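Printed here is input30.cif (mmCIF, C-alpha atoms):
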data_entry
#
loop_
_atom_site.group_PDB
_atom_site.id
_atom_site.type_symbol
_atom_site.label_atom_id
_atom_site.label_comp_id
_atom_site.auth_asym_id
_atom_site.auth_seq_id
_atom_site.Cartn_x
_atom_site.Cartn_y
_atom_site.Cartn_z
ATOM 1 C CA MET A 1 54.208 -37.490 48.615
ATOM 2 C CA ALA A 2 55.812 -36.825 51.971
ATOM 3 C CA ASP A 3 54.911 -33.123 51.938
ATOM 4 C CA ASN A 4 51.152 -33.724 52.154
ATOM 5 C CA GLU A 5 48.754 -33.938 55.026
ATOM 6 C CA ILE A 6 45.484 -35.880 55.091
ATOM 7 C CA SER A 7 42.994 -34.261 57.450
ATOM 8 C CA THR A 8 40.214 -36.071 59.266
ATOM 9 C CA SER A 9 37.668 -34.722 56.741
ATOM 10 C CA GLY A 10 39.428 -36.581 53.916
ATOM 11 C CA ASN A 11 40.966 -33.455 52.440
ATOM 12 C CA VAL A 12 44.535 -33.728 51.196
ATOM 13 C CA VAL A 13 46.798 -30.694 51.579
ATOM 14 C CA PHE A 14 50.008 -30.348 49.561
ATOM 15 C CA LYS A 15 52.740 -27.811 50.199
ATOM 16 C CA PRO A 16 55.693 -26.842 48.007
ATOM 17 C CA SER A 17 58.697 -29.059 48.663
ATOM 18 C CA ALA A 18 61.977 -27.553 49.899
ATOM 19 C CA ARG A 19 63.716 -29.348 47.015
ATOM 20 C CA ALA A 20 61.781 -27.240 44.504
ATOM 21 C CA PHE A 21 63.753 -24.176 45.563
ATOM 22 C CA PHE A 22 67.218 -25.607 44.868
ATOM 23 C CA VAL A 23 67.945 -23.068 42.110
ATOM 24 C CA HIS A 24 66.838 -20.275 44.443
ATOM 25 C CA TYR A 25 69.257 -21.532 47.111
ATOM 26 C CA VAL A 26 72.095 -21.447 44.588
ATOM 27 C CA ALA A 27 71.129 -17.902 43.562
ATOM 28 C CA MET A 28 71.085 -16.775 47.206
ATOM 29 C CA PHE A 29 74.519 -18.290 47.790
ATOM 30 C CA LEU A 30 75.953 -16.604 44.691
ATOM 31 C CA VAL A 31 74.631 -13.125 45.447
ATOM 32 C CA PHE A 32 75.486 -13.311 49.165
ATOM 33 C CA VAL A 33 78.958 -14.835 48.835
ATOM 34 C CA GLY A 34 80.075 -13.871 45.309
ATOM 35 C CA PRO A 35 80.828 -10.182 45.925
ATOM 36 C CA ARG A 36 82.564 -11.000 49.222
ATOM 37 C CA LEU A 37 84.842 -13.658 47.712
ATOM 38 C CA ASN A 38 85.635 -11.750 44.548
ATOM 39 C CA PRO A 39 85.196 -7.964 44.712
ATOM 40 C CA GLU A 40 86.036 -7.830 40.981
ATOM 41 C CA VAL A 41 82.709 -9.512 40.172
ATOM 42 C CA GLY A 42 81.190 -6.061 39.597
ATOM 43 C CA LEU A 43 78.427 -6.378 42.184
ATOM 44 C CA PRO A 44 78.797 -4.317 45.365
ATOM 45 C CA VAL A 45 78.527 -6.276 48.616
ATOM 46 C CA TRP A 46 75.517 -4.218 49.764
ATOM 47 C CA LEU A 47 73.649 -4.925 46.521
ATOM 48 C CA GLY A 48 74.422 -8.653 46.739
ATOM 49 C CA THR A 49 73.025 -8.663 50.266
ATOM 50 C CA ILE A 50 69.836 -6.889 49.204
ATOM 51 C CA LEU A 51 69.334 -9.201 46.217
ATOM 52 C CA GLY A 52 69.923 -12.243 48.417
ATOM 53 C CA LEU A 53 67.346 -11.011 50.925
ATOM 54 C CA ILE A 54 64.814 -10.454 48.123
ATOM 55 C CA VAL A 55 65.331 -14.020 46.868
ATOM 56 C CA LEU A 56 65.055 -15.303 50.452
ATOM 57 C CA ALA A 57 61.770 -13.416 50.950
ATOM 58 C CA ALA A 58 60.429 -14.889 47.698
ATOM 59 C CA VAL A 59 61.336 -18.431 48.810
ATOM 60 C CA ILE A 60 59.663 -17.934 52.196
ATOM 61 C CA TYR A 61 56.525 -16.551 50.532
ATOM 62 C CA MET A 62 56.350 -19.396 47.987
ATOM 63 C CA LYS A 63 57.161 -22.154 50.499
ATOM 64 C CA TYR A 64 55.099 -21.070 53.503
ATOM 65 C CA GLY A 65 52.546 -18.659 52.032
ATOM 66 C CA GLN A 66 50.522 -21.126 49.989
ATOM 67 C CA GLU A 67 49.129 -24.635 49.943
ATOM 68 C CA TYR A 68 47.206 -26.832 47.543
ATOM 69 C CA ARG A 69 44.093 -28.802 48.472
ATOM 70 C CA VAL A 70 42.133 -31.729 47.105
ATOM 71 C CA ASN A 71 38.750 -31.933 48.808
ATOM 72 C CA SER A 72 35.210 -33.180 48.224
ATOM 73 C CA ARG A 73 34.325 -30.109 46.103
ATOM 74 C CA GLY A 74 37.399 -30.164 43.839
ATOM 75 C CA VAL A 75 40.920 -28.737 43.831
ATOM 76 C CA ALA A 76 42.116 -25.415 45.219
ATOM 77 C CA ARG A 77 45.128 -23.198 45.687
ATOM 78 C CA VAL A 78 45.138 -21.268 48.962
ATOM 79 C CA TRP A 79 47.251 -18.215 49.762
ATOM 80 C CA ARG A 80 47.710 -17.590 53.479
ATOM 81 C CA TRP A 81 49.136 -14.071 53.357
ATOM 82 C CA PRO A 82 49.217 -11.109 52.861
ATOM 83 C CA SER A 83 45.435 -11.624 52.728
ATOM 84 C CA PRO A 84 43.938 -15.124 52.811
ATOM 85 C CA ARG A 85 42.292 -16.112 49.507
ATOM 86 C CA GLU A 86 41.454 -19.223 47.556
ATOM 87 C CA GLN A 87 41.194 -20.205 43.885
ATOM 88 C CA GLU A 88 39.099 -23.321 43.320
ATOM 89 C CA ILE A 89 38.029 -25.552 40.430
ATOM 90 C CA THR A 90 35.113 -27.869 41.181
ATOM 91 C CA TRP A 91 35.209 -31.494 40.070
ATOM 92 C CA GLU A 92 32.682 -30.961 37.279
ATOM 93 C CA ASN A 93 34.767 -28.083 35.847
ATOM 94 C CA LEU A 94 38.172 -29.739 36.225
ATOM 95 C CA GLY A 95 39.678 -30.400 32.811
ATOM 96 C CA GLU A 96 43.116 -31.724 32.012
ATOM 97 C CA VAL A 97 45.773 -31.988 34.717
ATOM 98 C CA LEU A 98 49.252 -31.474 33.258
ATOM 99 C CA VAL A 99 52.555 -32.386 34.914
ATOM 100 C CA LEU A 100 55.194 -29.771 34.070
ATOM 101 C CA ARG A 101 58.851 -30.232 34.903
ATOM 102 C CA GLY A 102 62.240 -29.703 33.395
ATOM 103 C CA LEU A 103 65.526 -31.559 33.688
ATOM 104 C CA THR A 104 66.550 -30.112 37.065
ATOM 105 C CA GLN A 105 63.098 -30.726 38.511
ATOM 106 C CA THR A 106 63.119 -34.296 37.201
ATOM 107 C CA ILE A 107 66.488 -34.942 38.858
ATOM 108 C CA LEU A 108 65.191 -33.469 42.133
ATOM 109 C CA GLN A 109 61.891 -35.422 41.808
ATOM 110 C CA VAL A 110 59.786 -32.282 41.991
ATOM 111 C CA GLY A 111 57.526 -30.591 39.496
ATOM 112 C CA ASN A 112 54.454 -28.482 38.887
ATOM 113 C CA LEU A 113 50.837 -29.159 38.020
ATOM 114 C CA ALA A 114 48.676 -27.053 35.714
ATOM 115 C CA LEU A 115 44.999 -27.705 36.387
ATOM 116 C CA GLN A 116 42.712 -26.594 33.541
ATOM 117 C CA ASP A 117 39.228 -25.136 34.134
ATOM 118 C CA LYS A 118 36.685 -26.391 31.552
ATOM 119 C CA ALA A 119 34.266 -23.611 32.514
ATOM 120 C CA GLY A 120 36.615 -20.952 31.138
ATOM 121 C CA GLY A 121 38.046 -19.787 34.430
ATOM 122 C CA SER A 122 41.742 -19.323 34.948
ATOM 123 C CA GLN A 123 44.006 -22.336 35.286
ATOM 124 C CA ILE A 124 45.444 -23.181 38.682
ATOM 125 C CA PHE A 125 49.211 -23.679 38.914
ATOM 126 C CA TRP A 126 50.649 -25.797 41.741
ATOM 127 C CA TYR A 127 54.375 -25.125 42.135
ATOM 128 C CA GLY A 128 57.103 -27.337 43.577
ATOM 129 C CA LEU A 129 55.311 -30.578 44.356
ATOM 130 C CA LEU A 130 57.260 -33.613 45.436
ATOM 131 C CA ASN A 131 56.502 -36.515 43.031
ATOM 132 C CA PRO A 132 53.986 -34.595 40.866
ATOM 133 C CA LYS A 133 52.939 -37.704 38.901
ATOM 134 C CA ASP A 134 51.734 -39.301 42.137
ATOM 135 C CA VAL A 135 49.786 -36.130 42.981
ATOM 136 C CA LYS A 136 48.177 -36.181 39.514
ATOM 137 C CA ASP A 137 47.230 -39.847 40.016
ATOM 138 C CA LEU A 138 45.651 -39.010 43.391
ATOM 139 C CA ILE A 139 43.611 -36.195 41.782
ATOM 140 C CA ASP A 140 42.455 -38.538 39.015
ATOM 141 C CA LYS A 141 41.408 -41.191 41.590
ATOM 142 C CA LYS A 142 39.411 -38.623 43.606
ATOM 143 C CA ARG A 143 37.428 -37.414 40.576
ATOM 144 C CA PRO A 144 33.782 -38.460 40.838
#

What is this structure when it is put down as structure tokens?
Amino acid sequence: MADNEISTSGNVVFKPSARAFFVHYVAMFLVFVGPRLNPEVGLPVWLGTILGLIVLAAVIYMKYGQEYRVNSRGVARVWRWPSPREQEITWENLGEVLVLRGLTQTILQVGNLALQDKAGGSQIFWYGLLNPKDVKDLIDKKRP
């Protein structure tokens, strides 16, 4: 759980891990370098550059544009930009917490959490957490 911060108020803040974007890094490499190394690939160099920049922008937005919080009220997902907003589930409405990860994520020791809202609100999805089982355990320990 190296990508978390514990504030003085007892809140725990999680951020997506850089490892979670491994597949995105591979995609960026392929679209940036592929057309340059092999012009026969069928993708113009300019289009590969644009696609690579789009993937890069998506990684920056996902990595630095959001964070996940566990606080005294419950759990929350916070978006920092383009406009700051927050989606929260209070402790009394927090249902099941599911760890979701595939083979690549398991190898990289990252994964996602799906936090269910018992009150009928929308579920919160935390993407790219380092050691998601440990994060789930922390959430379960903090429940009142």

Running the PyMOL selection byres ((chain A and resi 97) around 9) on this model by hand, what would come out? Give it as a ChimeraX atom specification.
/A:94-96,98-99,113-116,136,139-140

How would the residues just chosen look if you wrote them out with C-alpha atoms as a PDB file, in the frame of the given file?
ATOM      1  CA  LEU A  94      38.172 -29.739  36.225  1.00  0.00           C
ATOM      2  CA  GLY A  95      39.678 -30.400  32.811  1.00  0.00           C
ATOM      3  CA  GLU A  96      43.116 -31.724  32.012  1.00  0.00           C
ATOM      4  CA  LEU A  98      49.252 -31.474  33.258  1.00  0.00           C
ATOM      5  CA  VAL A  99      52.555 -32.386  34.914  1.00  0.00           C
ATOM      6  CA  LEU A 113      50.837 -29.159  38.020  1.00  0.00           C
ATOM      7  CA  ALA A 114      48.676 -27.053  35.714  1.00  0.00           C
ATOM      8  CA  LEU A 115      44.999 -27.705  36.387  1.00  0.00           C
ATOM      9  CA  GLN A 116      42.712 -26.594  33.541  1.00  0.00           C
ATOM     10  CA  LYS A 136      48.177 -36.181  39.514  1.00  0.00           C
ATOM     11  CA  ILE A 139      43.611 -36.195  41.782  1.00  0.00           C
ATOM     12  CA  ASP A 140      42.455 -38.538  39.015  1.00  0.00           C
TER      13      ASP A 140
END

Could you tell me how far CA of Phe29 (chain A) sits from CA of Phe14 (chain A), in Å to one decimal place?
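Answer for the CA of Phe14 (chain A) to CA of Phe29 (chain A) separation: 27.4 Å.
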
Let me know the residues the PyMOL selection byres ((chain A and resi 86) around 12) catches in the file above, as a PyMOL selection string.
chain A and resi 65-69+75-81+83-85+87-89+124

I'd like the interatomic distance between CA of Gly128 (chain A) and CA of Ile50 (chain A), to a tenth of an Å.
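If I compute the distance from CA of Gly128 (chain A) to CA of Ile50 (chain A), I get 24.7 Å.
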
At what distance in Å, to one decimal, does CA of Phe125 (chain A) lie from CA of Arg143 (chain A)?
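CA of Arg143 (chain A) sits 18.2 Å away from CA of Phe125 (chain A).
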